[in-house]
Amino acid sequence: MVTKVNPPQWYSLPIGQTENLDHRLDASAYNVEALAAISKVRHYKDGFLPLWGENGIICNAYYPGRYKRIYSSEKDGVPFYLPSQLEEVHPHPTKFIALKTAKKLANDYIKANLLLISRSGSIGKSTISSRSTIGKLFSDDVIRISFNNIYDLVYTYVFLNTLDGLHILRSNNYGAVIDHIEPEHLRNITIPNAPIELRKKIHQLIMDSFELRDRSNELIDTAQNLLFKELSLPPLDEIEPKQYDTNNKFRCISICASLLDGRLDVSYHVPEVEAIIDILQNNASRVLKIKDPEISRCIILPGRFKRVYVDKKHGVPFFGGKQLLQLTPSNVKYLSRTHHAKRIAQQLTISENMCVISCSGTIGKVNIVPKHWDGWTLSQHVIRVVPSSSDIAGYIYAWLSSPYCKMLILRNSYGAVIDELSDDQIGNVRIPILKDAEKMKIINDDILNANHLRYEAALKEEAALTLMQKILDNEM
């Protein structure tokens with residue numbers, strides 16, 4: 001078997017060019033794609049501007065100083081968000097930081113009119129502060145950037161979300177093990193000096209997009225709060241399981257052999273889970289399983305396969321669990337229609353209002369497929385729940401994405417190194433049916449409306465990116 005080896009990329013440059021990049025000698029600073037992108041910017045017909053510095057459009061850029069993170073429980077702490085969550089449509093805190101630490105960061109809560117960029121690890125993730133992030137506390141790995149004009153904030157956000165913008169930003173990174181960028185690197189970046197009318201048009205499209213996202217999030221929160229109220233579910237930290245043996249100095253439980261369910265791992269036998277199920281049985285009309293025909297038509301977990309990627313025009317969009325909570329998945333690849341035709345048709349393709357759940361690595365991420373993902377494909381590390389009808393699709397998502405159901409999902413995880421979930425395990429997860437059918441319909445309709453708002457938000461952002469690409473290609 002002959003393995004095809006791609007020819008090495010190389011570039012020659014005058015020694016004086018290294019002065020502009022602090023005499024760096026690492027090849028990543030002179031990335032060929034980044035240099036081509038820089039050339040595009042500098043040949044824009046109306047000229048270019050520095051992002052930051054003399055005549056620049058940035059007012060200030062900084063990140064909080066390093067500090068020791070002391071984590072706490074949800075009840076006693078402050079919600080704390082990670083840079084990996086910047087691109088999530090509806091970020092929820094996975095960690096909580098101690099009040100004492102949070103007080104030291106009083107000036108670092110996210111404020112309005114900021115561009116937020118991840119500076120460590122997966123650098124270049126970005127968002128604009130909106131109702132979903134204002135007043136939240138993000139880690140010191142997020143750069144906070146303010147601008148002289150609000151429309152330049154959005155214009156820069158869109159620029160950095162194009163391939164050319166990302167190439168330029170990431171060419172400034174450093175670090176032997178974990179990539180980093182610093183606010184000072186923004187001084188090395190130039191941006192096309194597009195006419196004010198174009199910048200304002202892009203600004204309006206993105207502002208409309210973020211408004212639609214916020215409205216979508218508010219609808220989802222309203223629907224889930226109604227669901228929790230109808231089931232009389234208290235906050236998670238107020239649920240008091242009865243199975244713990246109070247006679248011991250440490251937490252332990254006793255369980256009948258008949259209830260082991262074939263599992264000897266402690267993580268499966270969680271008293272809090274049993275307490276949640278008890279509440280559901282007491283307050284719901286019925287408690288079914290996700291695999292019940294009344295809930296779903298089928299549950300699909302694709303088999304493992306070797307992927308063959310092709311260019312856009314010959315493939316179908318393909319992404320994985322890492323991008324599952326984004327509005328429009330980043331780093332989309334394209335699967336060969338020829339090599340994977342049968343698998344694409346039977347297992348991989350997703351459709352609108354299908355519920356998808358990450359089942360390998362970081363398990364338990366849940367989303368409902370929006371219209372702009374319809375016909376795309378997802379990796380084998382994501383389980384698909386096909387709803388029995390659109391009359392229950394939104395309700396399924398409202399329950400599966402709740403913190404209560406997440407505990408029911410996570411208890412099933414297995415694996416010594418990488419956590420995994422099977423389609424059978426998801427099929428056995430409990431879902432309550434409300435006593436009030438009208439309330440169930442309201443929840444379902446709210447979620448479906450929220451999902452459509454996300455589709456509209458994606459169209460707005462796509463229109464803004466198309467305009468920016470025309471600017472970079474000197475077509476506007």
# chains A, B, ... in the order shown; residues from 1 in each chain; ligands from 1
>>> residues_around(residues="Ile392 in chain A", least_positions_apart="5", cutoff="10 Å", atoms="only C-alpha atoms", output="ChimeraX atom specification")
/A:294-296,353,387,397-398,440-441,443-445,448
>>> residues_around(residues="Tyr309 in chain A", least_positions_apart="6", cutoff="7 Å", atoms="only C-alpha atoms", output="JSON, numbers by chain")
{"A": [333, 334, 335, 336]}
>>> write_last_selection(atoms="N, CA, C and O atoms", output="CSV table (one decimal), in the first residue's frame")
chain,number,residue,atom,x,y,z
A,333,LYS,N,-16.4,19.8,8.2
A,333,LYS,CA,-15.7,19.0,7.2
A,333,LYS,C,-16.8,18.5,6.2
A,333,LYS,O,-18.0,18.6,6.5
A,334,TYR,N,-16.3,17.8,5.2
A,334,TYR,CA,-17.3,17.3,4.2
A,334,TYR,C,-17.0,15.8,3.9
A,334,TYR,O,-15.9,15.5,3.5
A,335,LEU,N,-18.0,15.0,4.2
A,335,LEU,CA,-17.9,13.6,4.0
A,335,LEU,C,-18.1,13.2,2.5
A,335,LEU,O,-19.1,13.8,1.9
A,336,SER,N,-17.4,12.3,2.0
A,336,SER,CA,-17.6,11.9,0.6
A,336,SER,C,-19.0,11.2,0.4
A,336,SER,O,-19.3,10.2,1.1
>>> closest_residue(among="A:Gly415, A:Pro234, A:Pro50, A:Pro329", to="Ile191 in chain A", atoms="only C-alpha atoms")
A:Pro50
>>> atom_distance(atom1="CA of Ile117 in chain A", atom2="CA of Val142 in chain A")
5.5 Å
>>> closest_residue(among="A:Ser39, A:Ser146, A:Asn107, A:Asn282", to="Gly165 in chain A", atoms="only C-alpha atoms")
A:Ser39
>>> select_by_dssp(residues="range 28-215 of chain A", states="helix (DSSP H, G or I)", output="JSON, numbers by chain")
{"A": [28, 29, 30, 32, 33, 34, 35, 36, 37, 38, 39, 40, 41, 42, 83, 84, 85, 99, 100, 101, 102, 103, 104, 106, 107, 108, 150, 151, 152, 153, 154, 155, 156, 157, 158, 159, 160, 163, 164, 165, 166, 167, 168, 169, 170, 183, 184, 185, 186, 187, 188, 196, 197, 198, 199, 200, 201, 202, 203, 204, 205, 206, 207, 208, 209, 210, 211, 212, 213, 214, 215]}
>>> select_by_dssp(residues="range 202-360 of chain A", states="strand (DSSP E or B)", output="ChimeraX atom specification")
/A:244,253,286-289,296-300,309,315-319,326,333-336,349,355-358,360
>>> residues_around(residues="Lys406 in chain A", least_positions_apart="6", cutoff="9 Å", atoms="only C-alpha atoms", output="ChimeraX atom specification")
/A:364-366,399-400
>>> residues_around(residues="Arg454 in chain A", least_positions_apart="4", cutoff="9 Å", atoms="only C-alpha atoms", output="tab-separated table (two decimals) with C-alpha atoms, in the first residue's frame")
chain	number	residue	atom	x	y	z
A	89	VAL	CA	-25.76	29.49	21.84
A	209	SER	CA	-28.83	37.58	15.01
A	212	LEU	CA	-32.90	36.25	17.96
A	213	ARG	CA	-30.54	34.00	19.94
A	216	SER	CA	-34.65	31.78	21.68
A	327	LEU	CA	-25.40	28.04	16.41
A	370	PRO	CA	-32.34	23.48	13.81
A	371	LYS	CA	-33.51	23.86	10.23
A	372	HIS	CA	-30.12	24.99	8.89
A	449	ASN	CA	-40.46	28.34	18.19
A	450	ALA	CA	-37.10	28.83	19.91
A	458	ALA	CA	-28.06	31.64	11.65
A	459	LEU	CA	-29.34	33.13	8.38
>>> closest_residue(among="A:Ile409, A:Ile15, A:Ala34, A:Ala112", to="Val273 in chain A", atoms="only C-alpha atoms")
A:Ile409
>>> closest_residue(among="A:Arg131, A:Arg297, A:Arg286, A:Lys125", to="Asn331 in chain A", atoms="only C-alpha atoms")
A:Lys125
>>> residues_around(residues="Lys40 in chain A", least_positions_apart="2", cutoff="9 Å", atoms="only C-alpha atoms", output="list in words")
Leu35, Ala36, Ala37, Ile38, Arg42, His43, Tyr44, Asp164, Pro192, Leu472, Asp473 and Asn474 of chain A
>>> write_last_selection(atoms="N, CA and C atoms", output="compact mmCIF listing (two decimals), in the first residue's frame")
# COMPACT_ATOMS: atom_id res chain seq x y z
N LEU A 35 -0.37 34.44 5.62
CA LEU A 35 0.29 35.45 4.80
C LEU A 35 -0.56 35.82 3.58
N ALA A 36 -1.25 34.81 3.02
CA ALA A 36 -2.15 35.08 1.89
C ALA A 36 -3.33 35.94 2.35
N ALA A 37 -3.83 35.64 3.55
CA ALA A 37 -4.94 36.42 4.10
C ALA A 37 -4.52 37.86 4.37
N ILE A 38 -3.32 38.04 4.92
CA ILE A 38 -2.80 39.39 5.18
C ILE A 38 -2.67 40.17 3.87
N ARG A 42 -4.38 43.77 2.86
CA ARG A 42 -3.55 44.92 2.53
C ARG A 42 -3.73 45.38 1.08
N HIS A 43 -4.43 44.56 0.29
CA HIS A 43 -4.70 44.97 -1.09
C HIS A 43 -6.17 45.36 -1.27
N TYR A 44 -6.86 45.56 -0.16
CA TYR A 44 -8.26 45.98 -0.27
C TYR A 44 -8.31 47.38 -0.89
N ASP A 164 -10.05 33.67 6.68
CA ASP A 164 -8.91 34.57 6.57
C ASP A 164 -8.61 35.23 7.92
N PRO A 192 -9.67 45.19 6.78
CA PRO A 192 -10.04 46.04 5.64
C PRO A 192 -10.80 47.28 6.09
N LEU A 472 -13.33 40.95 1.65
CA LEU A 472 -11.98 40.37 1.59
C LEU A 472 -11.58 39.99 0.17
N ASP A 473 -12.57 39.64 -0.64
CA ASP A 473 -12.28 39.28 -2.03
C ASP A 473 -12.32 40.49 -2.96
N ASN A 474 -12.41 41.70 -2.34
CA ASN A 474 -12.39 42.96 -3.08
C ASN A 474 -13.56 43.09 -4.06
>>> closest_residue(among="A:Arg119, A:Tyr62, A:Asn451, A:Thr101", to="Pro83 in chain A", atoms="only C-alpha atoms")
A:Arg119
>>> residues_around(residues="Leu434 in chain A", least_positions_apart="4", cutoff="10 Å", atoms="only C-alpha atoms", output="NGL selection string")
:A and (227 or 230-231 or 280 or 283-287 or 438-441)
>>> write_last_selection(atoms="N, CA and C atoms", output="tab-separated table (two decimals), in the first residue's frame")
chain	number	residue	atom	x	y	z
A	227	LEU	N	-42.03	23.34	32.91
A	227	LEU	CA	-41.91	21.89	33.07
A	227	LEU	C	-41.55	21.53	34.51
A	230	GLU	N	-44.52	22.16	36.87
A	230	GLU	CA	-45.58	21.14	36.75
A	230	GLU	C	-45.19	19.83	37.42
A	231	LEU	N	-43.90	19.56	37.49
A	231	LEU	CA	-43.42	18.32	38.11
A	231	LEU	C	-43.01	18.53	39.57
A	280	LEU	N	-40.74	12.29	39.94
A	280	LEU	CA	-41.44	12.18	38.67
A	280	LEU	C	-42.65	11.26	38.80
A	283	ASN	N	-45.51	13.00	40.64
A	283	ASN	CA	-46.12	14.23	40.11
A	283	ASN	C	-46.48	14.19	38.63
A	284	ALA	N	-46.04	13.17	37.92
A	284	ALA	CA	-46.36	13.06	36.49
A	284	ALA	C	-47.56	12.15	36.29
A	285	SER	N	-48.21	12.30	35.16
A	285	SER	CA	-49.30	11.40	34.81
A	285	SER	C	-48.77	9.99	34.60
A	286	ARG	N	-47.66	9.92	33.84
A	286	ARG	CA	-46.96	8.65	33.58
A	286	ARG	C	-45.48	8.94	33.44
A	287	VAL	N	-44.68	7.92	33.67
A	287	VAL	CA	-43.24	8.03	33.42
A	287	VAL	C	-42.88	6.95	32.41
A	438	GLU	N	-52.35	20.44	28.08
A	438	GLU	CA	-52.22	21.76	27.50
A	438	GLU	C	-50.86	22.38	27.84
A	439	LYS	N	-50.39	22.16	29.08
A	439	LYS	CA	-49.07	22.67	29.48
A	439	LYS	C	-47.96	21.98	28.69
A	440	MET	N	-48.17	20.71	28.42
A	440	MET	CA	-47.19	19.96	27.61
A	440	MET	C	-47.09	20.56	26.22
A	441	LYS	N	-48.25	20.94	25.66
A	441	LYS	CA	-48.26	21.54	24.32
A	441	LYS	C	-47.57	22.89	24.32
>>> residues_around(residues="Met407 in chain A", least_positions_apart="2", cutoff="12 Å", atoms="only C-alpha atoms", output="PDB file with N, CA, C and O atoms, in the first residue's frame")
ATOM      1  N   LEU A 236     -31.797  21.288  42.232  1.00  0.00           N
ATOM      2  CA  LEU A 236     -31.048  20.037  42.415  1.00  0.00           C
ATOM      3  C   LEU A 236     -30.403  19.928  43.793  1.00  0.00           C
ATOM      4  O   LEU A 236     -30.400  18.856  44.408  1.00  0.00           O
ATOM      5  N   SER A 267     -20.936   4.727  40.367  1.00  0.00           N
ATOM      6  CA  SER A 267     -21.484   5.878  39.650  1.00  0.00           C
ATOM      7  C   SER A 267     -22.880   5.614  39.091  1.00  0.00           C
ATOM      8  O   SER A 267     -23.618   6.553  38.779  1.00  0.00           O
ATOM      9  N   TYR A 268     -23.260   4.356  38.961  1.00  0.00           N
ATOM     10  CA  TYR A 268     -24.589   4.032  38.441  1.00  0.00           C
ATOM     11  C   TYR A 268     -25.654   4.127  39.533  1.00  0.00           C
ATOM     12  O   TYR A 268     -26.795   4.497  39.266  1.00  0.00           O
ATOM     13  N   HIS A 269     -25.272   3.791  40.754  1.00  0.00           N
ATOM     14  CA  HIS A 269     -26.230   3.732  41.860  1.00  0.00           C
ATOM     15  C   HIS A 269     -26.174   5.035  42.656  1.00  0.00           C
ATOM     16  O   HIS A 269     -25.584   5.119  43.733  1.00  0.00           O
ATOM     17  N   VAL A 270     -26.794   6.064  42.081  1.00  0.00           N
ATOM     18  CA  VAL A 270     -26.757   7.407  42.665  1.00  0.00           C
ATOM     19  C   VAL A 270     -28.089   7.685  43.365  1.00  0.00           C
ATOM     20  O   VAL A 270     -29.134   7.748  42.706  1.00  0.00           O
ATOM     21  N   PRO A 271     -28.090   7.851  44.678  1.00  0.00           N
ATOM     22  CA  PRO A 271     -29.351   8.090  45.389  1.00  0.00           C
ATOM     23  C   PRO A 271     -30.116   9.310  44.877  1.00  0.00           C
ATOM     24  O   PRO A 271     -31.351   9.308  44.867  1.00  0.00           O
ATOM     25  N   GLU A 272     -29.394  10.363  44.467  1.00  0.00           N
ATOM     26  CA  GLU A 272     -30.075  11.547  43.944  1.00  0.00           C
ATOM     27  C   GLU A 272     -30.902  11.218  42.704  1.00  0.00           C
ATOM     28  O   GLU A 272     -31.974  11.804  42.491  1.00  0.00           O
ATOM     29  N   VAL A 273     -30.410  10.307  41.870  1.00  0.00           N
ATOM     30  CA  VAL A 273     -31.151   9.896  40.674  1.00  0.00           C
ATOM     31  C   VAL A 273     -32.454   9.210  41.068  1.00  0.00           C
ATOM     32  O   VAL A 273     -33.521   9.472  40.504  1.00  0.00           O
ATOM     33  N   GLU A 274     -32.352   8.326  42.050  1.00  0.00           N
ATOM     34  CA  GLU A 274     -33.560   7.636  42.519  1.00  0.00           C
ATOM     35  C   GLU A 274     -34.554   8.626  43.113  1.00  0.00           C
ATOM     36  O   GLU A 274     -35.771   8.484  42.946  1.00  0.00           O
ATOM     37  N   ALA A 275     -34.042   9.661  43.772  1.00  0.00           N
ATOM     38  CA  ALA A 275     -34.927  10.682  44.346  1.00  0.00           C
ATOM     39  C   ALA A 275     -35.648  11.455  43.239  1.00  0.00           C
ATOM     40  O   ALA A 275     -36.838  11.778  43.366  1.00  0.00           O
ATOM     41  N   ILE A 276     -34.934  11.753  42.143  1.00  0.00           N
ATOM     42  CA  ILE A 276     -35.556  12.452  41.010  1.00  0.00           C
ATOM     43  C   ILE A 276     -36.656  11.582  40.401  1.00  0.00           C
ATOM     44  O   ILE A 276     -37.771  12.052  40.119  1.00  0.00           O
ATOM     45  N   ILE A 277     -36.363  10.305  40.225  1.00  0.00           N
ATOM     46  CA  ILE A 277     -37.355   9.387  39.645  1.00  0.00           C
ATOM     47  C   ILE A 277     -38.588   9.280  40.542  1.00  0.00           C
ATOM     48  O   ILE A 277     -39.727   9.248  40.070  1.00  0.00           O
ATOM     49  N   ILE A 363     -19.874  13.516  27.654  1.00  0.00           N
ATOM     50  CA  ILE A 363     -21.194  12.994  27.315  1.00  0.00           C
ATOM     51  C   ILE A 363     -22.299  13.849  27.931  1.00  0.00           C
ATOM     52  O   ILE A 363     -22.082  14.603  28.877  1.00  0.00           O
ATOM     53  N   GLY A 364     -23.482  13.744  27.354  1.00  0.00           N
ATOM     54  CA  GLY A 364     -24.645  14.423  27.915  1.00  0.00           C
ATOM     55  C   GLY A 364     -24.929  15.792  27.355  1.00  0.00           C
ATOM     56  O   GLY A 364     -25.861  16.457  27.807  1.00  0.00           O
ATOM     57  N   LYS A 365     -24.172  16.268  26.350  1.00  0.00           N
ATOM     58  CA  LYS A 365     -24.550  17.519  25.674  1.00  0.00           C
ATOM     59  C   LYS A 365     -25.779  17.224  24.818  1.00  0.00           C
ATOM     60  O   LYS A 365     -25.785  16.239  24.065  1.00  0.00           O
ATOM     61  N   TRP A 399     -36.957  18.192  28.232  1.00  0.00           N
ATOM     62  CA  TRP A 399     -36.611  17.283  29.329  1.00  0.00           C
ATOM     63  C   TRP A 399     -35.165  16.792  29.228  1.00  0.00           C
ATOM     64  O   TRP A 399     -34.407  16.840  30.202  1.00  0.00           O
ATOM     65  N   LEU A 400     -34.755  16.352  28.044  1.00  0.00           N
ATOM     66  CA  LEU A 400     -33.402  15.796  27.892  1.00  0.00           C
ATOM     67  C   LEU A 400     -32.310  16.808  28.218  1.00  0.00           C
ATOM     68  O   LEU A 400     -31.240  16.445  28.718  1.00  0.00           O
ATOM     69  N   SER A 401     -32.556  18.093  27.953  1.00  0.00           N
ATOM     70  CA  SER A 401     -31.531  19.123  28.180  1.00  0.00           C
ATOM     71  C   SER A 401     -31.595  19.697  29.589  1.00  0.00           C
ATOM     72  O   SER A 401     -30.821  20.611  29.916  1.00  0.00           O
ATOM     73  N   SER A 402     -32.484  19.202  30.417  1.00  0.00           N
ATOM     74  CA  SER A 402     -32.614  19.716  31.780  1.00  0.00           C
ATOM     75  C   SER A 402     -31.518  19.146  32.680  1.00  0.00           C
ATOM     76  O   SER A 402     -30.989  18.060  32.418  1.00  0.00           O
ATOM     77  N   PRO A 403     -31.156  19.838  33.759  1.00  0.00           N
ATOM     78  CA  PRO A 403     -30.130  19.317  34.667  1.00  0.00           C
ATOM     79  C   PRO A 403     -30.571  18.029  35.376  1.00  0.00           C
ATOM     80  O   PRO A 403     -29.735  17.216  35.757  1.00  0.00           O
ATOM     81  N   TYR A 404     -31.889  17.841  35.529  1.00  0.00           N
ATOM     82  CA  TYR A 404     -32.393  16.626  36.173  1.00  0.00           C
ATOM     83  C   TYR A 404     -32.174  15.413  35.269  1.00  0.00           C
ATOM     84  O   TYR A 404     -31.683  14.372  35.706  1.00  0.00           O
ATOM     85  N   CYS A 405     -32.528  15.577  33.999  1.00  0.00           N
ATOM     86  CA  CYS A 405     -32.339  14.464  33.069  1.00  0.00           C
ATOM     87  C   CYS A 405     -30.854  14.197  32.822  1.00  0.00           C
ATOM     88  O   CYS A 405     -30.467  13.058  32.580  1.00  0.00           O
ATOM     89  N   ILE A 409     -28.977  10.665  32.589  1.00  0.00           N
ATOM     90  CA  ILE A 409     -28.139  10.240  31.462  1.00  0.00           C
ATOM     91  C   ILE A 409     -26.744   9.844  31.943  1.00  0.00           C
ATOM     92  O   ILE A 409     -26.229   8.777  31.598  1.00  0.00           O
ATOM     93  N   LEU A 410     -26.126  10.696  32.770  1.00  0.00           N
ATOM     94  CA  LEU A 410     -24.734  10.478  33.178  1.00  0.00           C
ATOM     95  C   LEU A 410     -24.553   9.219  34.009  1.00  0.00           C
ATOM     96  O   LEU A 410     -23.482   8.608  33.993  1.00  0.00           O
ATOM     97  N   ARG A 411     -25.573   8.818  34.749  1.00  0.00           N
ATOM     98  CA  ARG A 411     -25.432   7.622  35.581  1.00  0.00           C
ATOM     99  C   ARG A 411     -25.125   6.377  34.737  1.00  0.00           C
ATOM    100  O   ARG A 411     -24.548   5.408  35.211  1.00  0.00           O
ATOM    101  N   ASN A 412     -25.518   6.414  33.443  1.00  0.00           N
ATOM    102  CA  ASN A 412     -25.335   5.251  32.575  1.00  0.00           C
ATOM    103  C   ASN A 412     -23.940   5.156  31.974  1.00  0.00           C
ATOM    104  O   ASN A 412     -23.605   4.155  31.352  1.00  0.00           O
ATOM    105  N   SER A 413     -23.133   6.201  32.123  1.00  0.00           N
ATOM    106  CA  SER A 413     -21.834   6.219  31.444  1.00  0.00           C
ATOM    107  C   SER A 413     -20.950   5.078  31.908  1.00  0.00           C
ATOM    108  O   SER A 413     -21.005   4.644  33.056  1.00  0.00           O
ATOM    109  N   VAL A 429     -33.676   5.868  29.438  1.00  0.00           N
ATOM    110  CA  VAL A 429     -33.791   7.056  30.279  1.00  0.00           C
ATOM    111  C   VAL A 429     -35.267   7.426  30.426  1.00  0.00           C
ATOM    112  O   VAL A 429     -36.036   7.397  29.457  1.00  0.00           O
ATOM    113  N   ARG A 430     -35.684   7.782  31.630  1.00  0.00           N
ATOM    114  CA  ARG A 430     -37.091   8.086  31.911  1.00  0.00           C
ATOM    115  C   ARG A 430     -37.462   9.500  31.444  1.00  0.00           C
ATOM    116  O   ARG A 430     -36.655  10.414  31.507  1.00  0.00           O
TER     117      ARG A 430
END
>>> closest_residue(among="A:Asn148, A:Asn55, A:Ser390, A:Asn161", to="Thr328 in chain A", atoms="only C-alpha atoms")
A:Asn161
